[in-house]
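Below is one structure; the comments refer to it alone.
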Amino acid sequence: MLPVHPQRSTSPWRLAFAEFRKNKLAITSVIFLFIVTALCILAPWLTSWDPVKINIRFINKGPSAEHWLGTDKGGRDIVARLLYGGRTTLWICFSISLIVTILGTLVGSIAGYFGGRVDSWLMRFTDLVLIFPFLVFVIVLKAIFPDTGISIFIIVVSILGWGGTARLVRSKILAEKENEYVLAAISIGCKPSIIITKHLLPNVITTIIVQAILIVAGMITVETGLSYLGFGVPANIPSWGNMMSDAISPEVIKNYWWVWLPSGILITATILAINFLGEGLKDAFNTKKPS
């Protein structure tokens with residue numbers, strides 16, 4: 001008689017990955033984002049044009065063999081601006097997403113676990129952050145300190161942008177802490193920090209990951225909008241938002257489409273890809289699927 005081997009249970013992460021692979025749109029988005037990120041990182045090796053150096057000989061030149069997507073009002077190569085600008089925009093958005101996720105997870109997990117006065121005070125502070133008009137604050141700050149760099153922009157937006165993540169994490173922690181394994185850990189005297197980091201957060205990490213990815217898309221919109229208005233990334237640093245700022249002029253929109261259209265298409269495609277990726281992960285991690 002042949003020995004019977006116990007069937008190995010498939011981990012939730014393997015099940016989620018298998019489900020994610022079925023989502024063709026999400027897989028396509030991953031490939032697209034990988035290509036865009038790789039091209040931006042490799043910008044110094046892919047183009048020899050300086051993205052910030054003014055060249056009056058090539059002002060507003062259309063696409064050609066020398067400049068594949070033409071040049072802007074400063075005679076700067078559009079392809080070089082797209083690649084180097086992508087490095088700036090993606091760096092800003094990933095940095096803000098990371099900081100916002102860490103702050104939101106910290107506040108939300110503490111509020112959700114301890115409850116009571118701790119929860120009340122932290123949520124009132126979170127409400128203050130959520131209702132604070134951070135876009136107006138960034139604009140005012142930029143007007144007062146026009147020479148502020150990228151670091152200040154990242155810090156300000158991060159400090160004022162974690163409220164939504166905190167509320168999401170808190171709601172998940174509140175639901176999760178009622179489970180028996182958490183009550184058992186509390187009964188044997190486990191420290192709150194151990195319970196939060198080793199028991200609660202691992203069970204809500206998928207929600208946090210999806211939220212962090214969606215924040216990146218939102219921050220691309222914020223960077224683009226503020227830079228378009230002249231209150232975001234300094235004008236001497238290439239970014240996708242700064243490239244779109246040239247479209248303020250009706251003449252540019254009408255006669256020099258290559259100046260703004262490539263960056264507009266790339267911004268839109270990147271935001272859509274990030275959102276498709278986030279939705280694909282959300283569906284893959286959703287364990288309450290109909291059988």
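Numbering starts fresh at 1 for the residues of each chain in the structure tokens, the chains themselves are lettered A, B, ... in the order given, and ligands are numbered from 1 as they appear.
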Go through region 163-218 of chain A and flag each residue having an atom no more than 12 Å from region 98-107 of chain A; for those, report the closest pair of atoms plus their distance in Å to one decimal, using only C-alpha atoms, ordered by chain and rising number, as JSON lines.
```
{"residue": "A:Gly163", "atom": "CA", "partner": "A:Gly104", "partner_atom": "CA", "distance": 6.3}
{"residue": "A:Gly164", "atom": "CA", "partner": "A:Gly104", "partner_atom": "CA", "distance": 7.4}
{"residue": "A:Thr165", "atom": "CA", "partner": "A:Gly104", "partner_atom": "CA", "distance": 4.8}
{"residue": "A:Ala166", "atom": "CA", "partner": "A:Gly104", "partner_atom": "CA", "distance": 3.9}
{"residue": "A:Arg167", "atom": "CA", "partner": "A:Gly104", "partner_atom": "CA", "distance": 7.7}
{"residue": "A:Leu168", "atom": "CA", "partner": "A:Gly104", "partner_atom": "CA", "distance": 8.5}
{"residue": "A:Val169", "atom": "CA", "partner": "A:Thr105", "partner_atom": "CA", "distance": 5.9}
{"residue": "A:Arg170", "atom": "CA", "partner": "A:Val107", "partner_atom": "CA", "distance": 7.9}
{"residue": "A:Ser171", "atom": "CA", "partner": "A:Thr105", "partner_atom": "CA", "distance": 11.1}
{"residue": "A:Lys172", "atom": "CA", "partner": "A:Thr105", "partner_atom": "CA", "distance": 10.6}
{"residue": "A:Ile173", "atom": "CA", "partner": "A:Thr105", "partner_atom": "CA", "distance": 10.0}
{"residue": "A:Ser193", "atom": "CA", "partner": "A:Leu106", "partner_atom": "CA", "distance": 10.9}
{"residue": "A:Ile196", "atom": "CA", "partner": "A:Leu106", "partner_atom": "CA", "distance": 9.8}
{"residue": "A:Thr197", "atom": "CA", "partner": "A:Leu106", "partner_atom": "CA", "distance": 10.2}
{"residue": "A:Leu200", "atom": "CA", "partner": "A:Thr105", "partner_atom": "CA", "distance": 11.3}
{"residue": "A:Leu201", "atom": "CA", "partner": "A:Thr105", "partner_atom": "CA", "distance": 8.7}
{"residue": "A:Pro202", "atom": "CA", "partner": "A:Thr105", "partner_atom": "CA", "distance": 11.9}
{"residue": "A:Val204", "atom": "CA", "partner": "A:Thr105", "partner_atom": "CA", "distance": 10.1}
{"residue": "A:Ile205", "atom": "CA", "partner": "A:Thr105", "partner_atom": "CA", "distance": 9.6}
{"residue": "A:Thr207", "atom": "CA", "partner": "A:Thr105", "partner_atom": "CA", "distance": 10.6}
{"residue": "A:Ile208", "atom": "CA", "partner": "A:Thr101", "partner_atom": "CA", "distance": 7.3}
{"residue": "A:Ile209", "atom": "CA", "partner": "A:Thr101", "partner_atom": "CA", "distance": 8.6}
{"residue": "A:Val210", "atom": "CA", "partner": "A:Thr101", "partner_atom": "CA", "distance": 10.5}
{"residue": "A:Gln211", "atom": "CA", "partner": "A:Thr101", "partner_atom": "CA", "distance": 8.0}
{"residue": "A:Ala212", "atom": "CA", "partner": "A:Thr101", "partner_atom": "CA", "distance": 6.0}
{"residue": "A:Ile213", "atom": "CA", "partner": "A:Leu98", "partner_atom": "CA", "distance": 9.4}
{"residue": "A:Leu214", "atom": "CA", "partner": "A:Thr101", "partner_atom": "CA", "distance": 10.8}
{"residue": "A:Ile215", "atom": "CA", "partner": "A:Val100", "partner_atom": "CA", "distance": 8.4}
{"residue": "A:Val216", "atom": "CA", "partner": "A:Leu98", "partner_atom": "CA", "distance": 8.9}
{"residue": "A:Gly218", "atom": "CA", "partner": "A:Val100", "partner_atom": "CA", "distance": 11.9}
```
Alpha helix (DSSP H) positions in region 37-114 of chain A, given as a PyMOL selection string: chain A and resi 37-41+43-46+78-114
Val52 (chain A) surroundings by only C-alpha atoms, 12 Å radius, close-in-sequence under 5 positions cut, as a VMD selection string: chain A and resid 71 to 78 80 to 82 84 to 85 234 to 239 242 to 243
Nearest residue to Val30 (chain A) from the set A:Ile194, A:Leu277, A:Ala284, A:Val118 (distances using only C-alpha atoms):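 For Val30 (chain A), the nearest of the candidates is A:Leu277.
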Proximity to Thr47 (chain A) - best of A:Ile274, A:Val157, A:Leu281, A:Val79, only C-alpha atoms: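 Smallest distance to Thr47 (chain A) is found for A:Val79.
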Non-local contacts of Ile154 (chain A) (10 Å; only C-alpha atoms; under 3 positions in same chain excluded) as a list in words: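 That gives Trp91, Ile92, Cys93, Phe94, Ser95, Ile96, Ser97, Ile99, Gly149, Ile150, Ser151, Val157, Ser158, Ile159, Glu223, Gly232 and Val233 of chain A.
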Generate a file of the selected residues that holds N, CA, C and O atoms, formatted as a PDB file, in the first residue's frame.
```
ATOM      1  N   TRP A  91      10.710  59.691  -8.325  1.00  0.00           N
ATOM      2  CA  TRP A  91      11.412  59.750  -7.040  1.00  0.00           C
ATOM      3  C   TRP A  91      10.566  60.493  -6.007  1.00  0.00           C
ATOM      4  O   TRP A  91      10.395  60.030  -4.869  1.00  0.00           O
ATOM      5  N   ILE A  92      10.000  61.630  -6.402  1.00  0.00           N
ATOM      6  CA  ILE A  92       9.158  62.398  -5.488  1.00  0.00           C
ATOM      7  C   ILE A  92       7.951  61.574  -5.049  1.00  0.00           C
ATOM      8  O   ILE A  92       7.636  61.484  -3.849  1.00  0.00           O
ATOM      9  N   CYS A  93       7.276  60.950  -6.006  1.00  0.00           N
ATOM     10  CA  CYS A  93       6.027  60.243  -5.705  1.00  0.00           C
ATOM     11  C   CYS A  93       6.268  58.979  -4.882  1.00  0.00           C
ATOM     12  O   CYS A  93       5.505  58.686  -3.957  1.00  0.00           O
ATOM     13  N   PHE A  94       7.318  58.228  -5.181  1.00  0.00           N
ATOM     14  CA  PHE A  94       7.631  57.039  -4.391  1.00  0.00           C
ATOM     15  C   PHE A  94       8.065  57.431  -2.976  1.00  0.00           C
ATOM     16  O   PHE A  94       7.709  56.752  -2.004  1.00  0.00           O
ATOM     17  N   SER A  95       8.828  58.515  -2.848  1.00  0.00           N
ATOM     18  CA  SER A  95       9.271  58.971  -1.529  1.00  0.00           C
ATOM     19  C   SER A  95       8.085  59.398  -0.674  1.00  0.00           C
ATOM     20  O   SER A  95       7.972  59.016   0.499  1.00  0.00           O
ATOM     21  N   ILE A  96       7.188  60.191  -1.265  1.00  0.00           N
ATOM     22  CA  ILE A  96       6.007  60.640  -0.525  1.00  0.00           C
ATOM     23  C   ILE A  96       5.144  59.448  -0.136  1.00  0.00           C
ATOM     24  O   ILE A  96       4.651  59.363   1.001  1.00  0.00           O
ATOM     25  N   SER A  97       4.957  58.514  -1.070  1.00  0.00           N
ATOM     26  CA  SER A  97       4.138  57.334  -0.778  1.00  0.00           C
ATOM     27  C   SER A  97       4.720  56.534   0.378  1.00  0.00           C
ATOM     28  O   SER A  97       3.984  56.072   1.255  1.00  0.00           O
ATOM     29  N   ILE A  99       6.744  57.623   2.866  1.00  0.00           N
ATOM     30  CA  ILE A  99       6.626  58.364   4.123  1.00  0.00           C
ATOM     31  C   ILE A  99       5.180  58.383   4.605  1.00  0.00           C
ATOM     32  O   ILE A  99       4.885  58.166   5.789  1.00  0.00           O
ATOM     33  N   GLY A 149      13.467  73.547  -2.270  1.00  0.00           N
ATOM     34  CA  GLY A 149      13.798  72.476  -3.199  1.00  0.00           C
ATOM     35  C   GLY A 149      12.836  71.318  -3.122  1.00  0.00           C
ATOM     36  O   GLY A 149      11.755  71.386  -2.522  1.00  0.00           O
ATOM     37  N   ILE A 150      13.256  70.212  -3.725  1.00  0.00           N
ATOM     38  CA  ILE A 150      12.419  69.017  -3.789  1.00  0.00           C
ATOM     39  C   ILE A 150      12.208  68.423  -2.402  1.00  0.00           C
ATOM     40  O   ILE A 150      11.116  67.941  -2.082  1.00  0.00           O
ATOM     41  N   SER A 151      13.230  68.452  -1.552  1.00  0.00           N
ATOM     42  CA  SER A 151      13.128  67.845  -0.225  1.00  0.00           C
ATOM     43  C   SER A 151      12.018  68.476   0.606  1.00  0.00           C
ATOM     44  O   SER A 151      11.246  67.776   1.267  1.00  0.00           O
ATOM     45  N   VAL A 157       4.266  67.703   1.705  1.00  0.00           N
ATOM     46  CA  VAL A 157       3.157  66.892   1.192  1.00  0.00           C
ATOM     47  C   VAL A 157       2.997  65.615   2.011  1.00  0.00           C
ATOM     48  O   VAL A 157       1.875  65.170   2.275  1.00  0.00           O
ATOM     49  N   SER A 158       4.106  65.032   2.450  1.00  0.00           N
ATOM     50  CA  SER A 158       4.042  63.795   3.243  1.00  0.00           C
ATOM     51  C   SER A 158       3.396  64.037   4.603  1.00  0.00           C
ATOM     52  O   SER A 158       2.534  63.267   5.047  1.00  0.00           O
ATOM     53  N   ILE A 159       3.808  65.104   5.268  1.00  0.00           N
ATOM     54  CA  ILE A 159       3.289  65.398   6.600  1.00  0.00           C
ATOM     55  C   ILE A 159       1.791  65.674   6.561  1.00  0.00           C
ATOM     56  O   ILE A 159       1.058  65.349   7.506  1.00  0.00           O
ATOM     57  N   GLU A 223       1.974  66.338  -7.969  1.00  0.00           N
ATOM     58  CA  GLU A 223       3.206  66.940  -8.485  1.00  0.00           C
ATOM     59  C   GLU A 223       2.968  67.622  -9.814  1.00  0.00           C
ATOM     60  O   GLU A 223       3.450  68.739 -10.050  1.00  0.00           O
ATOM     61  N   GLY A 232       5.360  73.703  -7.626  1.00  0.00           N
ATOM     62  CA  GLY A 232       5.855  72.375  -7.290  1.00  0.00           C
ATOM     63  C   GLY A 232       7.360  72.287  -7.381  1.00  0.00           C
ATOM     64  O   GLY A 232       8.094  72.974  -6.656  1.00  0.00           O
ATOM     65  N   VAL A 233       7.834  71.451  -8.281  1.00  0.00           N
ATOM     66  CA  VAL A 233       9.268  71.268  -8.481  1.00  0.00           C
ATOM     67  C   VAL A 233       9.860  72.553  -9.064  1.00  0.00           C
ATOM     68  O   VAL A 233       9.248  73.175  -9.943  1.00  0.00           O
TER      69      VAL A 233
END
```
Residues near Gly70 (chain A), cut-off 10 Å, only C-alpha atoms, skip fewer than 6 positions along chain, as a ChimeraX atom specification: /A:58-64,76-79,256-259
Name all residues at most 12 Å from Lys177 (chain A) (count only C-alpha atoms; drop same-chain ones fewer than 2 positions away) and give them as an mmCIF file with N, CA and C atoms, in the first residue's frame.
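Result saved to out.cif:
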```cif
data_model
loop_
_atom_site.group_PDB
_atom_site.id
_atom_site.type_symbol
_atom_site.label_atom_id
_atom_site.label_comp_id
_atom_site.auth_asym_id
_atom_site.auth_seq_id
_atom_site.Cartn_x
_atom_site.Cartn_y
_atom_site.Cartn_z
ATOM 1 N N SER A 109 -2.363 52.103 13.389
ATOM 2 C CA SER A 109 -2.220 50.878 14.175
ATOM 3 C C SER A 109 -2.271 51.171 15.678
ATOM 4 N N ILE A 110 -1.655 52.262 16.106
ATOM 5 C CA ILE A 110 -1.690 52.627 17.525
ATOM 6 C C ILE A 110 -3.118 52.989 17.947
ATOM 7 N N ALA A 111 -3.786 53.796 17.125
ATOM 8 C CA ALA A 111 -5.158 54.200 17.456
ATOM 9 C C ALA A 111 -6.095 53.000 17.469
ATOM 10 N N GLY A 112 -5.966 52.121 16.477
ATOM 11 C CA GLY A 112 -6.855 50.972 16.400
ATOM 12 C C GLY A 112 -6.633 49.974 17.512
ATOM 13 N N TYR A 113 -5.394 49.779 17.914
ATOM 14 C CA TYR A 113 -5.106 48.773 18.950
ATOM 15 C C TYR A 113 -5.499 49.260 20.340
ATOM 16 N N PHE A 114 -5.093 50.462 20.697
ATOM 17 C CA PHE A 114 -5.323 50.934 22.068
ATOM 18 C C PHE A 114 -6.749 51.428 22.280
ATOM 19 N N GLY A 115 -7.356 52.044 21.266
ATOM 20 C CA GLY A 115 -8.714 52.530 21.405
ATOM 21 C C GLY A 115 -8.832 53.603 22.480
ATOM 22 N N VAL A 169 -5.968 52.049 7.985
ATOM 23 C CA VAL A 169 -5.264 51.075 8.820
ATOM 24 C C VAL A 169 -5.991 50.899 10.151
ATOM 25 N N ARG A 170 -6.466 51.988 10.732
ATOM 26 C CA ARG A 170 -7.188 51.909 12.005
ATOM 27 C C ARG A 170 -8.418 51.012 11.879
ATOM 28 N N SER A 171 -9.181 51.183 10.812
ATOM 29 C CA SER A 171 -10.383 50.368 10.645
ATOM 30 C C SER A 171 -10.050 48.889 10.503
ATOM 31 N N LYS A 172 -8.962 48.581 9.809
ATOM 32 C CA LYS A 172 -8.552 47.182 9.646
ATOM 33 C C LYS A 172 -8.050 46.593 10.968
ATOM 34 N N ILE A 173 -7.301 47.397 11.729
ATOM 35 C CA ILE A 173 -6.787 46.934 13.023
ATOM 36 C C ILE A 173 -7.930 46.706 14.000
ATOM 37 N N LEU A 174 -8.911 47.586 14.006
ATOM 38 C CA LEU A 174 -10.073 47.433 14.893
ATOM 39 C C LEU A 174 -10.793 46.113 14.637
ATOM 40 N N ALA A 175 -10.925 45.759 13.366
ATOM 41 C CA ALA A 175 -11.601 44.503 13.028
ATOM 42 C C ALA A 175 -10.723 43.301 13.349
ATOM 43 N N ASN A 179 -10.023 39.126 16.831
ATOM 44 C CA ASN A 179 -9.826 37.704 16.559
ATOM 45 C C ASN A 179 -9.204 37.002 17.760
ATOM 46 N N GLU A 180 -9.397 35.694 17.821
ATOM 47 C CA GLU A 180 -8.969 34.921 18.990
ATOM 48 C C GLU A 180 -7.457 34.918 19.177
ATOM 49 N N TYR A 181 -6.716 34.892 18.080
ATOM 50 C CA TYR A 181 -5.254 34.817 18.231
ATOM 51 C C TYR A 181 -4.694 36.085 18.868
ATOM 52 N N VAL A 182 -5.350 37.232 18.626
ATOM 53 C CA VAL A 182 -4.911 38.473 19.258
ATOM 54 C C VAL A 182 -5.286 38.461 20.736
ATOM 55 N N LEU A 183 -6.493 38.018 21.047
ATOM 56 C CA LEU A 183 -6.917 37.935 22.444
ATOM 57 C C LEU A 183 -6.042 36.968 23.232
ATOM 58 N N ALA A 184 -5.628 35.879 22.570
ATOM 59 C CA ALA A 184 -4.736 34.923 23.225
ATOM 60 C C ALA A 184 -3.379 35.545 23.514
ATOM 61 N N ALA A 185 -2.868 36.319 22.543
ATOM 62 C CA ALA A 185 -1.578 36.990 22.743
ATOM 63 C C ALA A 185 -1.651 37.992 23.881
ATOM 64 N N ILE A 186 -2.768 38.697 23.979
ATOM 65 C CA ILE A 186 -2.948 39.658 25.068
ATOM 66 C C ILE A 186 -3.017 38.937 26.413
ATOM 67 N N PRO A 192 2.274 45.271 23.654
ATOM 68 C CA PRO A 192 1.503 45.837 22.538
ATOM 69 C C PRO A 192 2.314 45.969 21.251
ATOM 70 N N ILE A 195 2.455 42.598 19.613
ATOM 71 C CA ILE A 195 1.156 42.212 19.048
ATOM 72 C C ILE A 195 0.885 42.978 17.749
ATOM 73 N N ILE A 196 1.214 44.261 17.755
ATOM 74 C CA ILE A 196 0.960 45.084 16.562
ATOM 75 C C ILE A 196 1.855 44.661 15.404
ATOM 76 N N HIS A 199 1.562 40.335 14.900
ATOM 77 C CA HIS A 199 0.269 39.672 14.767
ATOM 78 C C HIS A 199 -0.731 40.477 13.926
ATOM 79 N N LEU A 200 -0.823 41.772 14.195
ATOM 80 C CA LEU A 200 -1.838 42.563 13.511
ATOM 81 C C LEU A 200 -1.385 43.047 12.131
ATOM 82 N N LEU A 201 -0.239 43.725 12.064
ATOM 83 C CA LEU A 201 0.193 44.290 10.789
ATOM 84 C C LEU A 201 0.404 43.248 9.686
ATOM 85 N N ASN A 203 -1.315 40.797 9.043
ATOM 86 C CA ASN A 203 -2.624 40.410 8.534
ATOM 87 C C ASN A 203 -3.357 41.545 7.823
ATOM 88 N N VAL A 204 -2.804 42.744 7.888
ATOM 89 C CA VAL A 204 -3.399 43.856 7.135
ATOM 90 C C VAL A 204 -2.405 44.442 6.133
#
```
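Using only C-alpha atoms, the shortest contact distance between Leu130 (chain A) and any of A:Ile152, A:Leu266, A:Leu160, A:Val36 is found at A:Leu160.
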Residue nearest Ala217 (chain A) among A:Val156, A:Ser48, A:Thr270, A:Leu42 (counting only C-alpha atoms): A:Thr270
